[in-house]
>>> print(open('model09.cif').read())   # mmCIF, C-alpha atoms; chains and numbers go by the auth columns
data_structure
loop_
_atom_site.group_PDB
_atom_site.id
_atom_site.type_symbol
_atom_site.label_atom_id
_atom_site.label_comp_id
_atom_site.label_asym_id
_atom_site.label_seq_id
_atom_site.Cartn_x
_atom_site.Cartn_y
_atom_site.Cartn_z
_atom_site.B_iso_or_equiv
_atom_site.auth_seq_id
_atom_site.auth_asym_id
ATOM 1 C CA MET A 1 -179.420 129.120 -11.797 0.00 1 A
ATOM 2 C CA ASN A 2 -176.908 130.036 -14.490 0.00 2 A
ATOM 3 C CA LYS A 3 -176.120 133.178 -16.458 0.00 3 A
ATOM 4 C CA ILE A 4 -175.731 132.437 -20.176 0.00 4 A
ATOM 5 C CA LEU A 5 -173.887 135.131 -22.175 0.00 5 A
ATOM 6 C CA PHE A 6 -174.099 135.552 -25.943 0.00 6 A
ATOM 7 C CA PHE A 7 -171.760 137.416 -28.270 0.00 7 A
ATOM 8 C CA ALA A 8 -171.895 138.712 -31.864 0.00 8 A
ATOM 9 C CA HIS A 9 -174.537 137.069 -34.118 0.00 9 A
ATOM 10 C CA LEU A 10 -175.728 134.852 -31.258 0.00 10 A
ATOM 11 C CA ARG A 11 -176.742 137.933 -29.262 0.00 11 A
ATOM 12 C CA ASP A 12 -178.680 139.186 -32.283 0.00 12 A
ATOM 13 C CA ALA A 13 -180.428 135.822 -32.755 0.00 13 A
ATOM 14 C CA VAL A 14 -181.430 135.533 -29.079 0.00 14 A
ATOM 15 C CA GLY A 15 -182.316 139.213 -28.791 0.00 15 A
ATOM 16 C CA GLU A 16 -180.642 139.477 -25.385 0.00 16 A
ATOM 17 C CA GLU A 17 -177.095 139.934 -24.104 0.00 17 A
ATOM 18 C CA PHE A 18 -177.680 137.163 -21.576 0.00 18 A
ATOM 19 C CA LEU A 19 -180.288 134.781 -20.204 0.00 19 A
ATOM 20 C CA ARG A 20 -180.728 133.276 -16.766 0.00 20 A
ATOM 21 C CA LEU A 21 -181.649 129.596 -16.837 0.00 21 A
ATOM 22 C CA ASP A 22 -181.125 126.450 -14.857 0.00 22 A
ATOM 23 C CA ALA A 23 -178.506 124.527 -16.854 0.00 23 A
ATOM 24 C CA SER A 24 -176.893 122.683 -13.939 0.00 24 A
ATOM 25 C CA GLY A 25 -176.274 119.007 -14.615 0.00 25 A
ATOM 26 C CA LYS A 26 -176.292 119.481 -18.395 0.00 26 A
ATOM 27 C CA THR A 27 -173.239 119.213 -20.587 0.00 27 A
ATOM 28 C CA VAL A 28 -172.165 122.128 -22.739 0.00 28 A
ATOM 29 C CA ALA A 29 -173.285 120.119 -25.812 0.00 29 A
ATOM 30 C CA GLU A 30 -176.750 119.556 -24.313 0.00 30 A
ATOM 31 C CA LEU A 31 -177.144 123.255 -23.531 0.00 31 A
ATOM 32 C CA LYS A 32 -175.971 124.215 -27.043 0.00 32 A
ATOM 33 C CA ALA A 33 -178.537 121.829 -28.578 0.00 33 A
ATOM 34 C CA GLU A 34 -181.340 123.135 -26.364 0.00 34 A
ATOM 35 C CA LEU A 35 -180.578 126.793 -27.095 0.00 35 A
ATOM 36 C CA SER A 36 -180.021 126.127 -30.791 0.00 36 A
ATOM 37 C CA GLU A 37 -183.471 124.582 -31.075 0.00 37 A
ATOM 38 C CA LYS A 38 -185.257 127.194 -28.957 0.00 38 A
ATOM 39 C CA TYR A 39 -183.670 130.274 -30.580 0.00 39 A
ATOM 40 C CA ASP A 40 -182.771 128.855 -34.024 0.00 40 A
ATOM 41 C CA LEU A 41 -179.083 129.628 -33.407 0.00 41 A
ATOM 42 C CA PRO A 42 -176.802 129.090 -36.409 0.00 42 A
ATOM 43 C CA ARG A 43 -173.543 127.117 -36.447 0.00 43 A
ATOM 44 C CA MET A 44 -173.393 126.248 -32.731 0.00 44 A
ATOM 45 C CA GLU A 45 -170.838 123.507 -33.538 0.00 45 A
ATOM 46 C CA THR A 46 -168.263 126.234 -34.340 0.00 46 A
ATOM 47 C CA VAL A 47 -168.994 128.300 -31.218 0.00 47 A
ATOM 48 C CA MET A 48 -166.439 128.311 -28.400 0.00 48 A
ATOM 49 C CA THR A 49 -167.725 128.011 -24.860 0.00 49 A
ATOM 50 C CA ALA A 50 -166.332 129.415 -21.635 0.00 50 A
ATOM 51 C CA ILE A 51 -167.463 128.458 -18.152 0.00 51 A
ATOM 52 C CA ASN A 52 -166.525 131.003 -15.496 0.00 52 A
ATOM 53 C CA GLU A 53 -164.178 132.698 -17.998 0.00 53 A
ATOM 54 C CA GLU A 54 -162.246 129.500 -18.826 0.00 54 A
ATOM 55 C CA PHE A 55 -162.658 127.694 -22.129 0.00 55 A
ATOM 56 C CA ALA A 56 -164.671 124.488 -21.793 0.00 56 A
ATOM 57 C CA SER A 57 -165.206 121.410 -23.956 0.00 57 A
ATOM 58 C CA ASN A 58 -168.610 120.177 -25.118 0.00 58 A
ATOM 59 C CA ASP A 59 -168.580 117.319 -22.599 0.00 59 A
ATOM 60 C CA GLU A 60 -167.997 119.517 -19.545 0.00 60 A
ATOM 61 C CA VAL A 61 -170.875 119.412 -17.039 0.00 61 A
ATOM 62 C CA ILE A 62 -172.354 122.724 -15.924 0.00 62 A
ATOM 63 C CA LYS A 63 -172.742 123.347 -12.202 0.00 63 A
ATOM 64 C CA ASP A 64 -175.244 125.561 -10.409 0.00 64 A
ATOM 65 C CA GLY A 65 -174.014 129.164 -10.384 0.00 65 A
ATOM 66 C CA ASP A 66 -171.661 128.742 -13.367 0.00 66 A
ATOM 67 C CA GLU A 67 -171.541 131.555 -15.908 0.00 67 A
ATOM 68 C CA ILE A 68 -171.489 130.244 -19.471 0.00 68 A
ATOM 69 C CA ALA A 69 -170.409 132.335 -22.458 0.00 69 A
ATOM 70 C CA PHE A 70 -170.894 131.391 -26.100 0.00 70 A
ATOM 71 C CA ILE A 71 -168.308 133.023 -28.345 0.00 71 A
ATOM 72 C CA PRO A 72 -168.567 132.582 -32.113 0.00 72 A
ATOM 73 C CA PRO A 73 -165.429 132.590 -34.252 0.00 73 A
ATOM 74 C CA VAL A 74 -164.424 136.014 -35.489 0.00 74 A
ATOM 75 C CA SER A 75 -163.104 136.806 -38.903 0.00 75 A
ATOM 76 C CA GLY A 76 -161.108 139.820 -39.764 0.00 76 A
ATOM 77 C CA GLY A 77 -159.493 141.359 -42.718 0.00 77 A
#
>>> encode(input="model09.cif", output="structure tokens")
Amino acid sequence: MNKILFFAHLRDAVGEEFLRLDASGKTVAELKAELSEKYDLPRMETVMTAINEEFASNDEVIKDGDEIAFIPPVSGG
């Protein structure tokens, strides 16, 4: 089982701060695609991903127990 964290507009779109799902064996890209389709998440291609608090690429494979965070780009003025 994995804890999936969402930040900023992603949290609003999902309606939860985090979800618990079984994502082990999937790549980050596969999980992004699955969540994007299920929750109609915008611009997932620009979202940074961290696994266990370390930035991860889209081809990294998720292991059981990993914590995944999706962090959209922030803009400031």
>>> resolve_selection(input="model09.cif", expression="the PyMOL selection byres ((chain A and resi 71) around 12)", output="ChimeraX atom specification")
/A:4-11,17,32,43-51,53-56,68-70,72-74
>>> atom_distance(input="model09.cif", atom1="CA of Glu34 in chain A", atom2="CA of Gly15 in chain A")
16.3 Å
>>> residues_around(input="model09.cif", residues="range 57-65 of chain A", least_positions_apart="3", cutoff="7 Å", atoms="all atoms listed in the file", output="VMD selection string")
chain A and resid 1 to 2 23 to 29
>>> atom_distance(input="model09.cif", atom1="CA of Glu67 in chain A", atom2="CA of Glu37 in chain A")
20.5 Å
>>> axis_aligned_box(input="model09.cif", around="range 6-12 of chain A", padding_each_side="5 Å", output="AutoDock Vina command-line options")
--center_x -175.2 --center_y 137.0 --center_z -30.0 --size_x 16.9 --size_y 14.3 --size_z 18.2
>>> atom_distance(input="model09.cif", atom1="CA of Asp66 in chain A", atom2="CA of Ala13 in chain A")
22.4 Å
>>> build_atoms(input="model09.cif", residues="range 62-73 of chain A", atoms="all heavy atoms", output="tab-separated table (two decimals), keeping the file's coordinate frame")
chain	number	residue	atom	x	y	z
A	62	ILE	N	-172.09	121.41	-16.51
A	62	ILE	CA	-172.35	122.72	-15.92
A	62	ILE	C	-172.86	122.55	-14.50
A	62	ILE	O	-173.70	121.69	-14.23
A	62	ILE	CB	-173.40	123.47	-16.79
A	62	ILE	CG1	-172.84	123.68	-18.20
A	62	ILE	CG2	-173.81	124.78	-16.14
A	62	ILE	CD1	-173.87	124.04	-19.23
A	63	LYS	N	-172.33	123.38	-13.60
A	63	LYS	CA	-172.74	123.35	-12.20
A	63	LYS	C	-173.62	124.55	-11.89
A	63	LYS	O	-173.55	125.58	-12.57
A	63	LYS	CB	-171.51	123.36	-11.30
A	63	LYS	CG	-170.61	122.15	-11.48
A	63	LYS	CD	-169.37	122.30	-10.59
A	63	LYS	CE	-168.34	121.26	-10.92
A	63	LYS	NZ	-167.66	121.48	-12.19
A	64	ASP	N	-174.41	124.45	-10.84
A	64	ASP	CA	-175.24	125.56	-10.41
A	64	ASP	C	-174.36	126.78	-10.11
A	64	ASP	O	-173.33	126.65	-9.46
A	64	ASP	CB	-176.04	125.17	-9.16
A	64	ASP	CG	-177.06	126.23	-8.79
A	64	ASP	OD1	-177.72	126.77	-9.69
A	64	ASP	OD2	-177.19	126.52	-7.59
A	65	GLY	N	-174.76	127.93	-10.62
A	65	GLY	CA	-174.01	129.16	-10.38
A	65	GLY	C	-172.96	129.46	-11.43
A	65	GLY	O	-172.41	130.57	-11.46
A	66	ASP	N	-172.65	128.50	-12.31
A	66	ASP	CA	-171.66	128.74	-13.37
A	66	ASP	C	-172.17	129.80	-14.33
A	66	ASP	O	-173.38	129.89	-14.62
A	66	ASP	CB	-171.38	127.47	-14.17
A	66	ASP	CG	-170.46	126.49	-13.46
A	66	ASP	OD1	-169.83	126.86	-12.45
A	66	ASP	OD2	-170.38	125.34	-13.93
A	67	GLU	N	-171.24	130.60	-14.85
A	67	GLU	CA	-171.54	131.56	-15.91
A	67	GLU	C	-171.00	130.98	-17.21
A	67	GLU	O	-169.82	130.65	-17.30
A	67	GLU	CB	-170.89	132.90	-15.60
A	67	GLU	CG	-171.19	133.96	-16.65
A	67	GLU	CD	-170.58	135.29	-16.27
A	67	GLU	OE1	-169.41	135.51	-16.64
A	67	GLU	OE2	-171.26	136.09	-15.61
A	68	ILE	N	-171.86	130.85	-18.20
A	68	ILE	CA	-171.49	130.24	-19.47
A	68	ILE	C	-171.52	131.31	-20.55
A	68	ILE	O	-172.49	132.07	-20.65
A	68	ILE	CB	-172.46	129.09	-19.84
A	68	ILE	CG1	-172.41	127.99	-18.79
A	68	ILE	CG2	-172.11	128.50	-21.20
A	68	ILE	CD1	-173.47	128.05	-17.79
A	69	ALA	N	-170.47	131.38	-21.35
A	69	ALA	CA	-170.41	132.34	-22.46
A	69	ALA	C	-170.24	131.57	-23.76
A	69	ALA	O	-169.42	130.66	-23.84
A	69	ALA	CB	-169.24	133.30	-22.26
A	70	PHE	N	-171.01	131.96	-24.75
A	70	PHE	CA	-170.89	131.39	-26.10
A	70	PHE	C	-170.28	132.43	-27.00
A	70	PHE	O	-170.82	133.52	-27.18
A	70	PHE	CB	-172.26	130.94	-26.61
A	70	PHE	CG	-172.81	129.76	-25.88
A	70	PHE	CD1	-173.96	129.86	-25.12
A	70	PHE	CD2	-172.17	128.53	-25.93
A	70	PHE	CE1	-174.47	128.77	-24.43
A	70	PHE	CE2	-172.66	127.43	-25.25
A	70	PHE	CZ	-173.81	127.55	-24.50
A	71	ILE	N	-169.13	132.07	-27.58
A	71	ILE	CA	-168.31	133.02	-28.34
A	71	ILE	C	-168.10	132.46	-29.76
A	71	ILE	O	-167.36	131.50	-29.93
A	71	ILE	CB	-166.95	133.22	-27.65
A	71	ILE	CG1	-167.17	133.59	-26.18
A	71	ILE	CG2	-166.12	134.28	-28.39
A	71	ILE	CD1	-166.05	133.18	-25.27
A	72	PRO	N	-168.75	133.07	-30.75
A	72	PRO	CA	-168.57	132.58	-32.11
A	72	PRO	C	-167.19	132.96	-32.65
A	72	PRO	O	-166.56	133.90	-32.15
A	72	PRO	CB	-169.67	133.28	-32.90
A	72	PRO	CG	-170.09	134.42	-32.08
A	72	PRO	CD	-169.72	134.14	-30.66
A	73	PRO	N	-166.71	132.23	-33.66
A	73	PRO	CA	-165.43	132.59	-34.25
A	73	PRO	C	-165.53	133.96	-34.91
A	73	PRO	O	-166.59	134.34	-35.41
A	73	PRO	CB	-165.18	131.50	-35.29
A	73	PRO	CG	-166.50	130.87	-35.53
A	73	PRO	CD	-167.34	131.10	-34.32
